[in-house]
>>> print(open('coords.txt').read())   # compact mmCIF, C-alpha atoms
# COMPACT_ATOMS: atom_id res chain seq x y z
CA MET A 182 -34.12 -30.53 34.89
CA PHE A 183 -36.04 -28.83 37.67
CA LYS A 184 -38.14 -31.85 38.49
CA ALA A 185 -36.49 -32.47 41.81
CA LEU A 186 -37.57 -29.14 43.29
CA VAL A 187 -41.02 -29.37 41.79
CA ILE A 188 -41.42 -32.79 43.32
CA ALA A 189 -40.03 -31.66 46.63
CA VAL A 190 -42.34 -28.64 46.64
CA ALA A 191 -45.28 -30.68 45.38
CA VAL A 192 -44.64 -33.29 48.04
CA ALA A 193 -44.34 -30.52 50.55
CA ALA A 194 -47.61 -28.95 49.44
CA GLY A 195 -49.72 -32.00 50.10
CA ALA A 196 -47.82 -33.83 52.79
CA PRO A 197 -46.94 -33.25 56.41
CA VAL A 198 -43.55 -31.97 55.21
CA VAL A 199 -44.96 -28.52 54.52
CA ALA A 200 -46.61 -28.30 57.88
CA GLN A 201 -43.23 -28.98 59.38
CA ALA A 202 -41.31 -26.64 57.07
CA ASN A 203 -40.22 -24.08 59.60
CA ASP A 204 -38.60 -20.70 59.18
CA ALA A 205 -35.14 -22.21 59.59
CA GLN A 206 -35.78 -24.50 56.62
CA ILE A 207 -37.48 -21.82 54.55
CA ALA A 208 -34.54 -19.47 55.12
CA HIS A 209 -32.21 -22.27 54.04
CA VAL A 210 -34.14 -22.86 50.81
CA ALA A 211 -34.17 -19.15 49.97
CA TYR A 212 -30.48 -18.74 50.72
CA THR A 213 -29.57 -21.87 48.74
CA ALA A 214 -31.63 -20.70 45.76
CA GLY A 215 -29.76 -17.39 45.80
CA LYS A 216 -26.37 -19.02 46.18
CA ILE A 217 -27.04 -21.25 43.16
CA ASP A 218 -27.92 -18.31 40.97
CA ILE A 219 -24.86 -16.36 42.12
CA ALA A 220 -22.68 -19.34 41.12
CA ALA A 221 -24.43 -19.56 37.73
CA GLY A 222 -23.91 -15.82 37.20
CA LYS A 223 -20.21 -16.11 38.02
CA GLU A 224 -19.92 -19.01 35.60
CA ALA A 225 -21.52 -16.86 32.89
CA LEU A 226 -19.15 -13.98 33.66
CA ALA A 227 -16.21 -16.34 33.33
CA ARG A 228 -17.40 -17.83 30.04
CA SER A 229 -19.52 -15.38 28.09
CA HIS A 230 -18.33 -12.50 25.92
CA ASN A 231 -21.85 -11.37 25.06
CA LYS A 232 -22.57 -7.92 26.50
CA ALA A 233 -26.26 -8.55 27.22
CA VAL A 234 -25.49 -11.87 28.89
CA ARG A 235 -22.77 -10.30 31.01
CA THR A 236 -25.00 -7.40 32.06
CA PHE A 237 -27.68 -9.88 33.10
CA ALA A 238 -25.20 -12.11 34.95
CA GLU A 239 -23.77 -9.10 36.81
CA GLU A 240 -27.30 -8.17 37.86
CA MET A 241 -27.92 -11.72 39.12
CA VAL A 242 -24.71 -11.79 41.15
CA ARG A 243 -25.33 -8.30 42.56
CA ASP A 244 -29.03 -8.69 43.42
CA HIS A 245 -28.88 -12.22 44.79
CA THR A 246 -25.82 -11.39 46.88
CA SER A 247 -27.71 -8.45 48.32
CA VAL A 248 -30.78 -10.56 49.17
CA ASN A 249 -28.63 -13.29 50.69
CA ASP A 250 -26.73 -10.74 52.78
CA GLN A 251 -30.07 -9.48 54.06
CA ALA A 252 -31.24 -13.03 54.73
CA LEU A 253 -28.08 -13.78 56.70
CA ALA A 254 -28.42 -10.59 58.72
CA LEU A 255 -32.05 -11.46 59.45
CA VAL A 256 -31.45 -15.03 60.61
CA LYS A 257 -28.64 -13.77 62.81
CA LYS A 258 -30.93 -11.17 64.33
CA LEU A 259 -33.67 -13.76 64.87
CA HIS A 260 -31.21 -16.30 66.28
CA VAL A 261 -32.33 -18.82 63.68
CA THR A 262 -29.88 -21.31 62.21
CA PRO A 263 -30.86 -22.16 58.61
CA ALA A 264 -31.64 -25.88 58.45
CA ASP A 265 -30.83 -28.09 55.49
CA ASN A 266 -33.83 -29.92 54.04
CA PRO A 267 -34.93 -31.98 51.00
CA THR A 268 -35.92 -28.93 48.92
CA SER A 269 -32.51 -27.27 49.40
CA GLN A 270 -30.84 -30.57 48.58
CA ALA A 271 -32.93 -31.01 45.41
CA LEU A 272 -32.05 -27.47 44.31
CA SER A 273 -28.34 -28.05 44.85
CA LYS A 274 -28.42 -31.38 43.05
CA ASP A 275 -30.13 -29.85 40.01
CA ALA A 276 -27.70 -26.96 40.02
CA SER A 277 -24.64 -29.17 39.95
CA ALA A 278 -26.13 -31.20 37.09
CA ARG A 279 -26.76 -27.95 35.22
CA MET A 280 -23.22 -26.72 35.80
CA LYS A 281 -21.93 -29.96 34.28
CA THR A 282 -23.93 -29.40 31.09
CA TYR A 283 -22.29 -25.96 30.75
CA ALA A 284 -18.85 -27.54 30.57
CA GLY A 285 -19.44 -28.77 27.03
CA LEU A 286 -20.88 -25.51 25.71
CA LYS A 287 -19.15 -22.53 24.15
CA GLY A 288 -20.06 -19.13 22.75
CA LYS A 289 -23.65 -18.69 21.70
CA ALA A 290 -24.59 -22.23 22.72
CA PHE A 291 -23.53 -21.45 26.28
CA ASP A 292 -25.27 -18.05 26.24
CA ARG A 293 -28.54 -19.59 25.08
CA ALA A 294 -28.38 -22.43 27.59
CA TYR A 295 -27.62 -20.02 30.43
CA ALA A 296 -30.44 -17.65 29.45
CA SER A 297 -33.07 -20.35 29.08
CA ASN A 298 -31.97 -22.05 32.30
CA GLU A 299 -32.30 -18.72 34.09
CA VAL A 300 -35.89 -18.37 32.87
CA ALA A 301 -36.76 -21.88 34.03
CA TYR A 302 -34.87 -21.54 37.29
CA HIS A 303 -36.52 -18.24 38.25
CA LYS A 304 -39.94 -19.64 37.31
CA THR A 305 -39.38 -22.62 39.58
CA VAL A 306 -38.07 -20.58 42.48
CA ASN A 307 -40.76 -17.91 42.12
CA SER A 308 -43.46 -20.53 42.09
CA ALA A 309 -41.98 -22.11 45.22
CA LEU A 310 -41.81 -18.69 46.90
CA GLU A 311 -45.39 -17.86 46.01
CA LYS A 312 -47.00 -21.19 46.79
CA THR A 313 -44.89 -22.66 49.55
CA LEU A 314 -42.23 -20.48 51.10
CA ILE A 315 -44.07 -17.17 51.60
CA PRO A 316 -47.31 -18.76 52.89
CA GLY A 317 -45.24 -21.02 55.13
CA ALA A 318 -43.03 -18.33 56.69
CA GLN A 319 -44.07 -17.53 60.25
CA ASN A 320 -41.80 -14.61 61.09
CA PRO A 321 -43.14 -11.39 59.54
CA GLU A 322 -39.67 -10.07 58.71
CA LEU A 323 -38.76 -13.29 56.91
CA LYS A 324 -42.09 -13.21 55.07
CA LYS A 325 -41.44 -9.59 54.03
CA LEU A 326 -37.94 -10.39 52.76
CA LEU A 327 -39.29 -13.32 50.75
CA GLN A 328 -42.03 -11.10 49.29
CA THR A 329 -39.46 -8.49 48.24
CA GLY A 330 -37.37 -11.34 46.87
CA LEU A 331 -40.33 -12.55 44.81
CA LYS A 332 -40.77 -9.08 43.26
CA LEU A 333 -37.06 -8.91 42.49
CA PHE A 334 -36.86 -12.44 41.06
CA THR A 335 -39.97 -11.85 38.93
CA GLU A 336 -38.04 -8.96 37.38
CA HIS A 337 -35.12 -11.30 36.85
CA GLN A 338 -37.40 -13.81 35.15
CA HIS A 339 -38.67 -11.12 32.76
CA HIS A 340 -35.13 -9.95 32.09
CA ALA A 341 -34.07 -13.56 31.37
CA GLU A 342 -37.03 -13.98 28.99
CA GLN A 343 -35.92 -10.83 27.14
CA LEU A 344 -32.41 -12.22 26.98
CA VAL A 345 -33.65 -15.49 25.45
CA GLN A 346 -35.41 -13.45 22.74
CA GLU A 347 -32.29 -11.38 22.06
CA LEU A 348 -30.17 -14.50 21.66
CA LYS A 349 -32.45 -16.16 19.12
CA MET B 217 -20.23 11.87 54.53
CA ALA B 218 -23.27 10.49 56.30
CA GLN B 219 -23.47 13.67 58.33
CA SER B 220 -23.27 15.90 55.31
CA LEU B 221 -25.90 13.75 53.59
CA SER B 222 -28.26 14.01 56.50
CA ARG B 223 -27.54 17.76 56.67
CA ALA B 224 -28.41 17.97 52.98
CA ALA B 225 -31.56 15.93 53.59
CA ARG B 226 -32.55 18.29 56.40
CA ALA B 227 -31.90 21.27 54.17
CA VAL B 228 -34.08 19.75 51.46
CA SER B 229 -36.83 18.94 53.98
CA ALA B 230 -36.63 22.48 55.32
CA ALA B 231 -36.83 23.90 51.80
CA LEU B 232 -39.83 21.71 51.07
CA ALA B 233 -41.52 22.65 54.30
CA LEU B 234 -41.03 26.34 53.59
CA ALA B 235 -41.87 26.20 49.93
CA PRO B 236 -45.70 26.14 49.95
CA GLY B 237 -46.98 29.66 50.27
CA SER B 238 -43.56 31.17 50.61
CA ALA B 239 -43.06 31.78 46.90
CA PRO B 240 -43.36 35.42 45.92
CA ALA B 241 -46.75 36.36 44.51
CA ALA B 242 -45.19 37.90 41.40
CA GLY B 243 -42.56 36.45 39.11
CA PRO B 244 -41.79 32.81 38.36
CA ALA B 245 -42.38 30.31 41.14
CA ALA B 246 -39.20 29.14 42.82
CA ALA B 247 -37.84 25.80 41.65
CA LYS B 248 -38.57 23.00 44.04
CA VAL B 249 -36.94 19.71 44.85
CA TYR B 250 -39.25 16.72 45.27
CA THR B 251 -38.21 13.44 46.80
CA VAL B 252 -39.22 10.14 45.19
CA THR B 253 -38.34 7.09 47.25
CA ILE B 254 -37.75 3.66 45.75
CA ARG B 255 -38.73 0.95 48.18
CA ASP B 256 -39.50 -2.76 47.81
CA MET B 257 -38.89 -2.75 44.07
CA ALA B 258 -41.23 0.14 43.28
CA PHE B 259 -41.06 3.91 42.76
CA GLY B 260 -42.92 5.61 45.60
CA PRO B 261 -45.60 8.29 45.29
CA LEU B 262 -44.81 10.80 42.54
CA PRO B 263 -45.28 14.55 42.90
CA LYS B 264 -48.34 15.81 41.03
CA THR B 265 -47.46 19.45 40.46
CA LEU B 266 -44.10 19.45 38.72
CA LYS B 267 -42.79 22.35 36.67
CA VAL B 268 -39.85 22.84 34.36
CA GLY B 269 -36.88 23.79 36.52
CA ASP B 270 -37.96 21.61 39.46
CA ALA B 271 -35.80 18.68 40.44
CA ILE B 272 -36.38 15.14 41.62
CA GLU B 273 -34.28 13.78 44.43
CA TRP B 274 -34.33 10.00 43.90
CA VAL B 275 -33.79 8.06 47.10
CA ASN B 276 -33.07 4.35 46.95
CA ALA B 277 -34.32 2.78 50.18
CA ASP B 278 -33.77 -0.72 48.80
CA LEU B 279 -30.63 -2.75 49.23
CA PHE B 280 -30.45 -3.39 45.47
CA ARG B 281 -28.95 -1.11 42.86
CA HIS B 282 -31.58 0.72 40.85
CA SER B 283 -31.70 3.42 38.21
CA ALA B 284 -34.14 6.18 37.34
CA THR B 285 -34.01 6.33 33.57
CA ALA B 286 -36.22 8.46 31.33
CA ARG B 287 -37.43 6.78 28.16
CA ASP B 288 -36.78 10.04 26.30
CA ASN B 289 -33.19 10.07 27.68
CA SER B 290 -33.77 13.35 29.49
CA PHE B 291 -32.36 11.83 32.67
CA ASP B 292 -30.60 8.65 33.74
CA VAL B 293 -29.12 8.13 37.19
CA GLU B 294 -27.85 5.03 38.89
CA LEU B 295 -28.70 4.65 42.54
CA ASN B 296 -26.62 2.50 44.81
CA PRO B 297 -28.31 0.78 47.75
CA ARG B 298 -29.31 3.50 50.23
CA GLY B 299 -28.03 6.04 47.72
CA ARG B 300 -29.61 9.18 46.32
CA ALA B 301 -29.22 11.38 43.27
CA ARG B 302 -30.90 14.44 41.84
CA THR B 303 -32.15 15.11 38.32
CA ALA B 304 -33.42 18.41 36.99
CA LEU B 305 -36.58 18.59 34.88
CA LYS B 306 -35.63 20.53 31.79
CA LYS B 307 -38.70 20.22 29.62
CA ALA B 308 -42.45 20.03 29.92
CA GLY B 309 -44.54 16.99 29.09
CA GLN B 310 -45.15 13.43 30.19
CA ILE B 311 -41.90 11.67 30.99
CA SER B 312 -42.07 7.91 31.37
CA PHE B 313 -39.23 6.38 33.29
CA TYR B 314 -38.09 2.99 34.50
CA CYS B 315 -35.29 1.14 36.27
CA ARG B 316 -32.74 -0.14 33.77
CA PHE B 317 -31.91 -3.09 35.99
CA HIS B 318 -35.52 -4.02 36.75
CA PRO B 319 -37.58 -2.78 33.80
CA GLY B 320 -40.86 -3.78 35.44
CA MET B 321 -40.37 -0.81 37.78
CA THR B 322 -41.92 2.12 35.95
CA GLY B 323 -43.50 5.51 36.50
CA ARG B 324 -44.50 8.70 34.73
CA LEU B 325 -43.88 12.33 35.61
CA SER B 326 -46.14 15.13 34.39
CA VAL B 327 -44.13 18.31 34.01
CA ALA B 328 -45.89 21.63 33.37
CA LYS B 329 -44.26 24.60 31.63
>>> encode(input="coords.txt", output="structure tokens")
Amino acid sequence: MFKALVIAVAVAAGAPVVAQANDAQIAHVAYTAGKIDIAAGKEALARSHNKAVRTFAEEMVRDHTSVNDQALALVKKLHVTPADNPTSQALSKDASARMKTYAGLKGKAFDRAYASNEVAYHKTVNSALEKTLIPGAQNPELKKLLQTGLKLFTEHQHHAEQLVQELK
Amino acid sequence: MAQSLSRAARAVSAALALAPGSAPAAGPAAAKVYTVTIRDMAFGPLPKTLKVGDAIEWVNADLFRHSATARDNSFDVELNPRGRARTALKKAGQISFYCRFHPGMTGRLSVAK
């Protein structure tokens, strides 16, 4: 399900693509990753009646909105226009495929799918942050925001893992 | 609001600045307020000489909502981005605490009688 990003990141890691991945593209990837998780959280809030799932989804919407607001303020300050790129596109494509799978799920089946997707999604994004996006960021403020994001999203990953256990 | 907050912060800073050495030699030491700042997803340096009756002023310097929640339920405050809240220390001992929203954020207070 997350192959596209992994491939894009893997390609980026060994190919000239990464050397060319500039701050405008990195900011776009980070913002897109956040936007996707906000949409997933809103979907969960619209569909789930499970208290633990809803608490988690609220946290995702709140935290990712906050990071994205900070990212937007930063790119504005730096006069950088986020640039679309293959990694952002791969993320968005995967996300829309995932959203489609939710359509057929109800109740606990939806809750479990959402929770396990959130674990996998945060793992993928955190790995990309750690290995590609943070090392690649040139601007120190962008790098700092991504590092704070990584700490926050690692917490999210742990929370999602807990949620998966609770829903077993 | 912001003004009264910054006034309050100044008052706290002034109290803290005056506190060392200004306590009367006899009688119980005056209660103190210690500031603990949450920044970049972590609780900042913790005061080392806490006593029952002291208070912690939790300051959230992050732009995410956090909480300071004692595992023994002796305190639990939610902290909005850039927000602050105060909790009193009512009993002695080791009090482990964490953020309810980000449970990897943890700390421990040592409170003397």
>>> residues_around(input="coords.txt", residues="region 272-286 of chain B", least_positions_apart="3", cutoff="10 Å", atoms="only C-alpha atoms", output="ChimeraX atom specification")
/A:240,243-248,250-251,329,333 /B:225,228,248-260,262-263,266,289-305,311-319,321-325
>>> atom_distance(input="coords.txt", atom1="CA of Pro263 (chain A)", atom2="CA of Glu299 (chain A)")
24.8 Å
>>> residues_near_point(input="coords.txt", point="(-32.4, -19.6, 64.8)", cutoff="12 Å", atoms="all atoms listed in the file", output="VMD selection string")
chain A and resid 203 to 209 253 to 264 320 323
>>> axis_aligned_box(input="coords.txt", around="region 262-277 of chain B", padding_each_side="6 Å", output="lines of an AutoDock Vina configuration file")
center_x = -40.7
center_y = 13.3
center_z = 42.3
size_x = 27.3
size_y = 33.0
size_z = 27.8
>>> residues_around(input="coords.txt", residues="region 226-237 of chain A", least_positions_apart="6", cutoff="8 Å", atoms="only C-alpha atoms", output="PyMOL selection string")
chain A and resi 287-288+291-292+296+340-341+344
>>> closest_residue(input="coords.txt", among="A:Gln346, A:Thr213, A:Gln270, A:Gln338", to="chain B", atoms="all atoms listed in the file")
A:Gln338
>>> closest_residue(input="coords.txt", among="A:Glu311, A:Asp275, A:Asp218, A:Glu336", to="chain B", atoms="all atoms listed in the file")
A:Glu336
>>> closest_residue(input="coords.txt", among="A:Leu331, A:Leu348, A:Ala214, A:Met280", to="chain B", atoms="all atoms listed in the file")
A:Leu331
>>> closest_residue(input="coords.txt", among="A:Leu326, A:Ala301, A:Ala225, A:Leu314", to="chain B", atoms="all atoms listed in the file")
A:Leu326
>>> atom_distance(input="coords.txt", atom1="CA of Glu347 (chain A)", atom2="CA of Ser277 (chain A)")
26.4 Å
>>> atom_distance(input="coords.txt", atom1="CA of Ser269 (chain A)", atom2="CA of Ala318 (chain A)")
15.6 Å
>>> decode(input="coords.txt", residues="region 243-276 of chain B", atoms="C-alpha atoms", output="tab-separated table (two decimals), in the first residue's frame")
chain	number	residue	atom	x	y	z
B	243	GLY	CA	9.44	28.62	60.56
B	244	PRO	CA	8.44	26.74	57.42
B	245	ALA	CA	10.06	27.81	54.17
B	246	ALA	CA	7.80	29.84	51.94
B	247	ALA	CA	6.08	27.95	49.14
B	248	LYS	CA	7.69	28.51	45.80
B	249	VAL	CA	6.51	28.38	42.23
B	250	TYR	CA	8.80	26.66	39.73
B	251	THR	CA	8.43	26.94	35.99
B	252	VAL	CA	8.73	23.85	33.78
B	253	THR	CA	8.73	24.61	30.08
B	254	ILE	CA	7.60	22.13	27.44
B	255	ARG	CA	9.45	22.67	24.20
B	256	ASP	CA	10.01	20.53	21.10
B	257	MET	CA	7.99	17.62	22.45
B	258	ALA	CA	9.83	17.35	25.77
B	259	PHE	CA	9.47	18.55	29.36
B	260	GLY	CA	12.30	20.98	30.11
B	261	PRO	CA	14.65	20.89	33.11
B	262	LEU	CA	12.84	19.93	36.32
B	263	PRO	CA	13.42	21.63	39.66
B	264	LYS	CA	15.50	19.51	42.03
B	265	THR	CA	14.48	20.88	45.40
B	266	LEU	CA	10.70	20.61	45.53
B	267	LYS	CA	8.69	20.58	48.74
B	268	VAL	CA	5.08	19.91	49.59
B	269	GLY	CA	3.19	23.16	49.13
B	270	ASP	CA	5.34	24.32	46.19
B	271	ALA	CA	3.73	24.67	42.81
B	272	ILE	CA	4.73	23.97	39.23
B	273	GLU	CA	3.89	26.49	36.57
B	274	TRP	CA	3.73	24.45	33.35
B	275	VAL	CA	4.48	26.51	30.27
B	276	ASN	CA	3.76	25.08	26.84
